[in-house]
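Visitor: So here's start.cif, just mmCIF, C-alpha atoms and all ligand atoms:
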data_my_file
#
loop_
_atom_site.label_atom_id
_atom_site.label_comp_id
_atom_site.auth_asym_id
_atom_site.auth_seq_id
_atom_site.Cartn_x
_atom_site.Cartn_y
_atom_site.Cartn_z
CA ARG A 85 18.67 7.31 -9.05
CA GLY A 86 18.13 4.28 -11.26
CA LEU A 87 14.89 2.47 -12.00
CA LEU A 88 13.45 0.64 -9.02
CA SER A 89 12.92 -3.06 -9.75
CA LEU A 90 11.78 -6.09 -7.80
CA PRO A 91 15.40 -7.24 -7.18
CA LYS A 92 16.36 -3.73 -6.03
CA LEU A 93 13.41 -3.53 -3.65
CA ARG A 94 14.24 -6.99 -2.29
CA GLU A 95 17.85 -5.91 -1.79
CA MET A 96 16.68 -2.82 0.12
CA ALA A 97 14.51 -4.97 2.35
CA ARG A 98 17.38 -7.41 2.95
CA ARG A 99 19.67 -4.53 3.95
CA GLY A 100 17.00 -3.17 6.26
CA GLU A 101 16.46 -0.02 4.19
CA LYS A 102 12.80 0.90 4.62
CA ILE A 103 10.65 1.11 1.48
CA ALA A 104 8.74 4.39 1.18
CA MET A 105 5.43 4.02 -0.67
CA LEU A 106 2.67 6.56 -1.31
CA THR A 107 -0.47 6.46 -3.39
CA ALA A 108 -0.63 8.49 -6.61
CA TYR A 109 -3.40 8.92 -9.11
CA ASP A 110 -2.13 11.37 -11.73
CA ALA A 111 1.00 12.28 -13.72
CA THR A 112 1.91 15.51 -11.92
CA PHE A 113 1.83 14.08 -8.41
CA ALA A 114 3.60 10.97 -9.66
CA ARG A 115 6.49 13.13 -10.87
CA VAL A 116 6.65 15.21 -7.68
CA LEU A 117 6.62 12.12 -5.44
CA ASP A 118 9.12 10.25 -7.61
CA ASP A 119 11.50 13.24 -7.58
CA ALA A 120 11.12 13.44 -3.78
CA GLY A 121 12.52 9.91 -3.52
CA VAL A 122 9.36 7.84 -3.02
CA ASP A 123 10.35 4.26 -3.93
CA VAL A 124 6.95 2.87 -4.82
CA LEU A 125 3.84 4.55 -6.19
CA LEU A 126 0.54 2.77 -5.56
CA VAL A 127 -2.45 3.52 -7.75
CA GLY A 128 -4.80 2.54 -4.95
CA ASP A 129 -8.49 1.94 -5.29
CA SER A 130 -8.62 4.59 -2.55
CA LEU A 131 -9.07 6.74 -5.66
CA GLY A 132 -12.75 5.93 -5.14
CA ASN A 133 -12.57 8.01 -1.97
CA VAL A 134 -10.07 10.75 -2.82
CA MET A 135 -10.65 11.20 -6.58
CA GLN A 136 -14.33 10.27 -6.88
CA GLY A 137 -15.75 11.28 -3.49
CA GLN A 138 -17.27 7.86 -2.86
CA THR A 139 -17.67 6.54 0.69
CA SER A 140 -15.96 3.22 -0.11
CA THR A 141 -13.76 1.59 -2.74
CA LEU A 142 -16.53 -0.73 -3.95
CA PRO A 143 -17.73 1.39 -6.92
CA VAL A 144 -14.24 1.57 -8.47
CA THR A 145 -13.93 -0.31 -11.78
CA LEU A 146 -11.05 -1.86 -13.71
CA GLU A 147 -11.41 0.93 -16.30
CA HIS A 148 -10.97 3.58 -13.59
CA MET A 149 -7.84 1.79 -12.33
CA ALA A 150 -6.37 1.46 -15.83
CA TYR A 151 -7.02 5.14 -16.55
CA HIS A 152 -5.23 6.35 -13.41
CA THR A 153 -2.44 3.84 -13.96
CA ARG A 154 -1.79 5.33 -17.42
CA CYS A 155 -1.71 8.82 -15.85
CA VAL A 156 0.79 7.80 -13.15
CA ALA A 157 2.93 5.76 -15.55
CA ALA A 158 3.22 8.83 -17.81
CA GLY A 159 4.49 11.01 -14.96
CA LYS A 160 6.81 8.75 -13.00
CA ARG A 161 10.54 8.33 -13.62
CA SER A 162 12.17 5.67 -11.44
CA ALA A 163 9.59 4.57 -8.88
CA TRP A 164 8.09 1.05 -8.92
CA LEU A 165 4.40 1.15 -9.90
CA ILE A 166 1.74 -1.01 -8.25
CA THR A 167 -1.97 -0.91 -9.10
CA ASP A 168 -4.87 -2.30 -7.08
CA LEU A 169 -7.13 -4.90 -8.64
CA PRO A 170 -10.53 -3.36 -7.80
CA PHE A 171 -13.48 -5.08 -6.13
CA GLY A 172 -15.11 -7.66 -8.40
CA SER A 173 -12.24 -7.85 -10.90
CA TYR A 174 -10.33 -10.85 -9.47
CA GLU A 175 -12.24 -12.80 -6.82
CA ALA A 176 -14.21 -15.14 -9.12
CA SER A 177 -11.27 -17.16 -10.46
CA PRO A 178 -7.55 -17.08 -11.20
CA GLN A 179 -8.47 -16.61 -14.89
CA GLN A 180 -10.55 -13.52 -14.10
CA ALA A 181 -7.69 -12.13 -12.03
CA PHE A 182 -5.23 -12.79 -14.84
CA GLU A 183 -7.34 -10.95 -17.42
CA SER A 184 -7.77 -7.97 -15.11
CA ALA A 185 -4.07 -7.92 -14.21
CA VAL A 186 -3.16 -7.93 -17.91
CA ALA A 187 -5.29 -4.82 -18.44
CA LEU A 188 -3.46 -3.05 -15.58
CA MET A 189 -0.01 -4.20 -16.73
CA ARG A 190 -0.78 -2.94 -20.25
CA ALA A 191 -1.68 0.41 -18.67
CA GLY A 192 1.78 0.55 -17.03
CA ALA A 193 1.52 -1.32 -13.72
CA GLN A 194 4.58 -3.40 -12.75
CA MET A 195 2.82 -5.29 -9.97
CA VAL A 196 -0.81 -5.78 -9.01
CA LYS A 197 -2.26 -5.75 -5.51
CA LEU A 198 -5.20 -7.79 -4.30
CA GLU A 199 -7.00 -8.11 -0.98
CA GLY A 200 -7.55 -11.38 0.84
CA GLY A 201 -5.84 -14.27 2.58
CA GLY A 202 -5.46 -18.00 2.02
CA ALA A 203 -8.49 -18.10 -0.29
CA MET A 204 -6.50 -15.92 -2.72
CA ALA A 205 -3.35 -18.09 -2.61
CA GLU A 206 -4.28 -20.09 -5.72
CA THR A 207 -4.83 -16.84 -7.62
CA VAL A 208 -1.52 -15.41 -6.40
CA ARG A 209 0.26 -18.54 -7.64
CA PHE A 210 -1.56 -18.39 -11.00
CA LEU A 211 -0.45 -14.78 -11.55
CA THR A 212 3.14 -15.10 -10.32
CA GLU A 213 3.73 -18.25 -12.40
CA ARG A 214 2.67 -16.20 -15.43
CA GLY A 215 5.07 -13.33 -14.77
CA ILE A 216 2.82 -10.94 -12.90
CA PRO A 217 4.33 -9.77 -9.61
CA VAL A 218 1.75 -9.70 -6.81
CA CYS A 219 1.37 -7.63 -3.67
CA ALA A 220 -1.20 -9.04 -1.24
CA HIS A 221 -3.17 -7.00 1.33
CA LEU A 222 -4.26 -8.28 4.76
CA GLY A 223 -5.74 -6.85 7.94
CA LEU A 224 -8.31 -4.15 7.30
CA THR A 225 -9.17 -4.84 3.67
CA PRO A 226 -11.45 -1.96 2.57
CA GLN A 227 -13.13 -3.93 -0.24
CA ARG A 228 -14.58 -6.14 2.55
CA VAL A 229 -15.71 -3.26 4.76
CA HIS A 230 -19.30 -4.51 4.92
CA ALA A 231 -18.24 -8.05 5.83
CA LEU A 232 -15.77 -6.76 8.44
CA GLY A 233 -18.33 -4.38 9.97
CA GLY A 234 -16.37 -1.16 9.68
CA PHE A 235 -12.87 0.29 9.64
CA ARG A 236 -11.31 -1.20 12.76
CA VAL A 237 -8.09 -2.86 13.88
CA GLN A 238 -7.81 -6.51 12.77
CA GLY A 239 -6.01 -9.45 14.36
CA ARG A 240 -6.47 -8.30 17.95
CA ASP A 241 -7.50 -11.57 19.60
CA ASP A 242 -5.52 -14.82 19.49
CA ALA A 243 -7.73 -16.55 16.91
CA ALA A 244 -7.71 -13.56 14.55
CA ALA A 245 -3.94 -13.15 14.95
CA ALA A 246 -3.39 -16.84 14.16
CA ALA A 247 -5.60 -16.54 11.06
CA LEU A 248 -3.57 -13.54 9.90
CA ARG A 249 -0.29 -15.39 10.42
CA ASN A 250 -1.61 -18.36 8.40
CA ASP A 251 -2.87 -16.07 5.62
CA ALA A 252 0.53 -14.37 5.35
CA ALA A 253 2.29 -17.74 5.19
CA ALA A 254 -0.06 -19.02 2.48
CA LEU A 255 0.33 -15.87 0.37
CA SER A 256 4.11 -15.92 0.72
CA ALA A 257 4.28 -19.61 -0.22
CA ALA A 258 2.09 -18.86 -3.25
CA GLY A 259 4.65 -16.36 -4.50
CA ALA A 260 3.47 -12.95 -3.27
CA ALA A 261 6.52 -10.67 -3.21
CA MET A 262 4.95 -7.95 -1.10
CA LEU A 263 2.25 -7.73 1.57
CA VAL A 264 0.41 -4.63 2.75
CA LEU A 265 -0.62 -4.94 6.40
CA GLU A 266 -3.36 -2.44 7.25
CA LEU A 267 -4.57 -1.70 10.78
CA VAL A 268 -2.99 -4.61 12.61
CA PRO A 269 -1.22 -4.52 15.98
CA SER A 270 2.44 -3.49 15.60
CA SER A 271 3.68 -6.63 17.39
CA LEU A 272 1.79 -8.93 15.01
CA ALA A 273 3.07 -7.04 11.93
CA ALA A 274 6.63 -7.31 13.29
CA GLU A 275 6.18 -11.04 13.85
CA ILE A 276 4.91 -11.62 10.29
CA THR A 277 7.76 -9.51 8.88
CA HIS A 278 10.40 -11.53 10.71
CA ALA A 279 8.75 -14.87 9.91
CA HIS A 280 8.99 -14.24 6.12
CA PRO A 281 12.32 -12.64 5.17
CA GLU A 282 11.48 -12.99 1.44
CA LEU A 283 8.16 -11.18 1.81
CA MET A 284 8.33 -7.37 1.81
CA THR A 285 5.75 -6.15 4.33
CA ILE A 286 4.39 -2.63 3.91
CA GLY A 287 2.57 -1.22 6.90
CA ILE A 288 -0.28 1.27 7.19
CA GLY A 289 -1.32 1.47 10.81
CA ALA A 290 0.87 -1.58 11.44
CA GLY A 291 3.89 -0.17 13.30
CA ALA A 292 7.46 0.66 12.28
CA GLN A 293 8.88 -2.83 12.01
CA CYS A 294 7.52 -3.64 8.55
CA SER A 295 9.85 -3.59 5.52
CA GLY A 296 8.23 -0.32 4.45
CA GLN A 297 5.32 2.06 4.89
CA VAL A 298 2.45 3.38 2.80
CA LEU A 299 -0.03 6.22 3.24
CA VAL A 300 -2.76 7.67 1.08
CA LEU A 301 -1.33 10.82 -0.51
CA HIS A 302 -4.21 13.08 0.46
CA ASP A 303 -4.01 11.86 4.08
CA MET A 304 -0.31 12.67 4.42
CA LEU A 305 -0.90 16.09 2.86
CA GLY A 306 -3.57 16.78 5.48
CA ILE A 307 -6.28 17.53 2.90
CA THR A 308 -8.55 14.53 3.42
CA THR A 309 -11.97 15.59 4.63
CA GLY A 310 -13.51 13.91 7.65
CA LYS A 311 -11.94 12.14 10.59
CA ARG A 312 -8.22 11.47 10.34
CA PRO A 313 -7.23 7.93 11.41
CA ARG A 314 -4.71 7.61 14.22
CA PHE A 315 -2.03 6.15 11.92
CA VAL A 316 -1.95 9.22 9.64
CA ARG A 317 0.47 12.09 10.02
CA ASP A 318 0.15 15.40 8.17
CA PHE A 319 3.62 15.79 6.67
CA THR A 320 3.00 19.39 5.58
CA ARG A 321 3.27 20.36 9.28
CA GLU A 322 6.35 20.19 11.46
CA PRO A 323 5.49 17.91 14.39
CA GLY A 324 4.26 20.06 17.26
CA SER A 325 4.00 23.25 15.18
CA SER A 326 1.04 25.58 15.71
CA ALA A 327 -1.86 25.47 13.26
CA ASP A 328 -1.05 28.91 11.81
CA ALA A 329 2.66 28.17 11.23
CA PRO A 330 3.48 28.10 7.49
CA GLY A 331 3.25 24.60 6.06
CA LEU A 332 5.74 22.71 3.91
CA SER A 333 5.29 22.42 0.15
CA ILE A 334 4.01 19.14 -1.30
CA ALA A 335 7.51 18.27 -2.54
CA GLN A 336 8.99 19.04 0.89
CA ALA A 337 6.29 17.02 2.67
CA ALA A 338 6.94 14.02 0.41
CA ALA A 339 10.70 14.29 1.00
CA ARG A 340 10.06 14.50 4.76
CA TYR A 341 7.89 11.37 4.55
CA VAL A 342 10.65 9.49 2.72
CA ALA A 343 13.28 10.67 5.22
CA ASP A 344 11.18 9.74 8.26
CA VAL A 345 10.23 6.31 6.88
CA LYS A 346 13.89 5.57 6.06
CA ALA A 347 15.02 6.80 9.50
CA GLY A 348 12.34 4.72 11.23
CA THR A 349 10.89 7.83 12.88
CA PHE A 350 7.55 7.37 11.09
CA PRO A 351 5.39 5.74 12.29
CA ASP A 352 5.94 6.68 15.93
CA GLU A 353 4.57 3.83 18.05
CA SER A 354 3.17 6.10 20.76
CA LEU A 355 1.28 8.31 18.28
CA HIS A 356 0.40 6.05 15.34
CA GLY A 357 0.57 2.44 16.63
CA TYR A 358 -2.01 -0.11 17.78
O1 LIG A 401 -6.07 1.90 -2.00
C1 LIG A 401 -5.12 2.23 -1.27
O2 LIG A 401 -4.72 3.39 -1.18
C2 LIG A 401 -4.44 1.18 -0.51
C3 LIG A 401 -3.40 1.59 0.49
C4 LIG A 401 -3.99 2.36 1.61
C5 LIG A 401 -2.61 0.44 0.98
O3 LIG A 401 -4.74 0.02 -0.69
NA NA A 402 -6.58 -0.30 -1.94
#
Would you write out, as structure tokens, the structure that this file holds?

Guide:
Amino acid sequence: RGLLSLPKLREMARRGEKIAMLTAYDATFARVLDDAGVDVLLVGDSLGNVMQGQTSTLPVTLEHMAYHTRCVAAGKRSAWLITDLPFGSYEASPQQAFESAVALMRAGAQMVKLEGGGAMAETVRFLTERGIPVCAHLGLTPQRVHALGGFRVQGRDDAAAAALRNDAAALSAAGAAMLVLELVPSSLAAEITHAHPELMTIGIGAGAQCSGQVLVLHDMLGITTGKRPRFVRDFTREPGSSADAPGLSIAQAAARYVADVKAGTFPDESLHGY
């Protein structure tokens, strides 16, 4: 397949072809996932959890993100590459965000992702007007875990849902091309997706009606330690298979993820939805 680009991703979304995204942090996994047909690789600041063993993403620095971005960029072939702006590297001002985004783009990122709603709109506009594609991130935003009071579903009551709708509209108007929706009710994610045809929504615990899906690599391989969130599926296991049945290889699991996202069979509302 050819190189994925912003116009190609937009065309997929317009056609209703689901975008399959996974996180990646190193060259070897990047190549395996890319060859399995994953459209978008995200160097997530979840690397604080899965690479560094931290309990949150807050300790992750711009240097860590640039390092893993270089690793993934060296291994990938055709996938689109997004890197998270880490906590503290973009919130102070549009100028700060621009400088941090430049460091990530120089490391190989093609788009940067940042957490936050309307308050980030000015920054999103500043970056997009200067040629830096932006993916926003709403709902459960892990860099704000202490302000949010834990990892729980967002946008449940009417006021919170209205705030989320307004945030999505502001970010889209500011030029965000993509929007990750994490841990929001499926109906609200569907509504936001339909309200903004130009905005590619990527769900994680946000139902099947988004433009695409993302999971943390280690979660979908079933090797994350600790409690597994409801929205995660272990793709190394056939659904319903017994625990001692042989598992799929990493390449097979990634290909299964791509196939099930494209077919709309992952996520399954009854198992993974809110
Ligand atoms: O850091 C990350 O892995 C993410 C995804 C879960 C969306 O932001
Ligand atoms: Na992240």

Visitor: Neighbours of ligand NA 402 (chain A) within 10 Å, counting only C-alpha atoms and all ligand atoms, as number ranges by chain?

Guide: A: 107, 126-132, 141, 167-171, 197-199, 221, 225-227, 264, 266, 300

Visitor: Hey, which of A:His280, A:Thr309, A:Thr349, A:Gly259 ends up closest to Gln138 in chain A? Count all atoms listed in the file.

Guide: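 Closest to Gln138 in chain A, using all atoms listed in the file: A:Thr309.
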
Visitor: So, with only C-alpha atoms as the atoms that count, which of A:Ser333, A:Ser162, A:Thr212, A:Thr145 lies closest to Leu87 in chain A?

Guide: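 Closest candidate: A:Ser162.
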
Visitor: For Val345 in chain A, which residue out of A:Leu299, A:Ala253, A:Leu283, A:Ala163 is the nearest one, using all atoms listed in the file?

Guide: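 Answer, going by the shortest atom-to-atom distance: A:Leu299.
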
Visitor: Pick out the closest residue to ligand LIG 401 (chain A) from this set: A:Tyr151, A:Phe210, A:Tyr358, A:Tyr109. Count all atoms listed in the file.

Guide: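 Smallest distance to ligand LIG 401 (chain A) is found for A:Tyr109.
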
Visitor: Need to verify the contact set: Gln293 in chain A, 8 Å, all atoms listed in the file, exclusion of same-chain residues closer than 4 positions in sequence. Can you return it as an mmCIF file with C-alpha atoms, keeping the file's coordinate frame?

Guide:
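Result file is result-v7.cif:
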data_model
loop_
_atom_site.group_PDB
_atom_site.id
_atom_site.type_symbol
_atom_site.label_atom_id
_atom_site.label_comp_id
_atom_site.auth_asym_id
_atom_site.auth_seq_id
_atom_site.Cartn_x
_atom_site.Cartn_y
_atom_site.Cartn_z
ATOM 1 C CA SER A 270 2.440 -3.490 15.600
ATOM 2 C CA ALA A 273 3.070 -7.040 11.930
ATOM 3 C CA ALA A 274 6.630 -7.310 13.290
ATOM 4 C CA THR A 277 7.760 -9.510 8.880
#

Visitor: Which is closest to ligand LIG 401 (chain A) among A:Ser354, A:Gln194, A:Thr285, A:Ser89, if we use all atoms listed in the file?

Guide: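 Distance minimum relative to ligand LIG 401 (chain A) lands on A:Thr285.
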
Visitor: Measuring atom to atom with all atoms listed in the file, identify which of A:Arg214, A:Arg98, A:His356, A:Arg161 is nearest to Pro178 in chain A.

Guide: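 Residue with the minimum atom-to-atom distance to Pro178 in chain A: A:Arg214.
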
Visitor: So the first atom is CA of Asp352 in chain A and the second is CA of Ala246 in chain A; what is the distance between them in Å, to one decimal place?

Guide: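 Those two atoms sit 25.4 Å apart.
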
Visitor: Kindly give the distance, in Å, that separates CA of Arg228 in chain A and CA of Val208 in chain A, rounded to a single decimal.

Guide: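 If I compute the distance from CA of Arg228 in chain A to CA of Val208 in chain A, I get 18.3 Å.
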
Visitor: Quick check, in Å to one decimal: how far apart do CA of Gly239 in chain A and CA of Lys102 in chain A lie?

Guide: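 About the pair CA of Gly239 in chain A and CA of Lys102 in chain A: they are 23.6 Å apart.
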
Visitor: Counting all atoms listed in the file, note down every residue that has an atom within 10 Å of the point (1.3, 4.1, -7.5) (file coordinates), as a ChimeraX atom specification.

Guide: /A:105-110,114,117-118,122-128,152-153,156-157,160,163-168,193-195

Visitor: For Val229 in chain A, please output as a VMD selection string all residues within 10 Å (counting only C-alpha atoms; exclusion window: fewer than 6 positions along the same chain).

Guide: chain A and resid 140 to 142 235 to 236

Visitor: For ligand LIG 401 (chain A), take all atoms listed in the file, fit an axis-aligned box around them, add 4 Å to each of the six sides, then output centre and edge lengths in Å rounded to one decimal, as JSON.

Guide:
{"center_x": -4.3, "center_y": 1.7, "center_z": -0.2, "size_x": 11.5, "size_y": 11.4, "size_z": 11.6}

Visitor: Give me, as a ChimeraX atom specification, all polymer residues having an atom no more than 12 Å from Phe182 in chain A, counting all atoms listed in the file and skipping those fewer than 6 positions away in the same chain.

Guide: /A:169,173-176,188-189,196,198,206-218

Visitor: Give me, as a PyMOL selection string, all polymer residues having an atom no more than 6 Å from Ala111 in chain A, counting all atoms listed in the file and skipping those fewer than 6 positions away in the same chain.

Guide: chain A and resi 155-156+158-159

Visitor: For Ala205 in chain A, please output as a ChimeraX atom specification all residues within 8 Å (counting all atoms listed in the file; exclusion window: fewer than 6 positions along the same chain).

Guide: /A:254-255,258

Visitor: Is it possible to get the residues within 9 Å of (6.2, -2.5, 5.0) (coordinates as in the file, counting only C-alpha atoms) written as an MDAnalysis selection string?

Guide: chainID A and resid 102:105 262:265 273 277 284:288 290:298
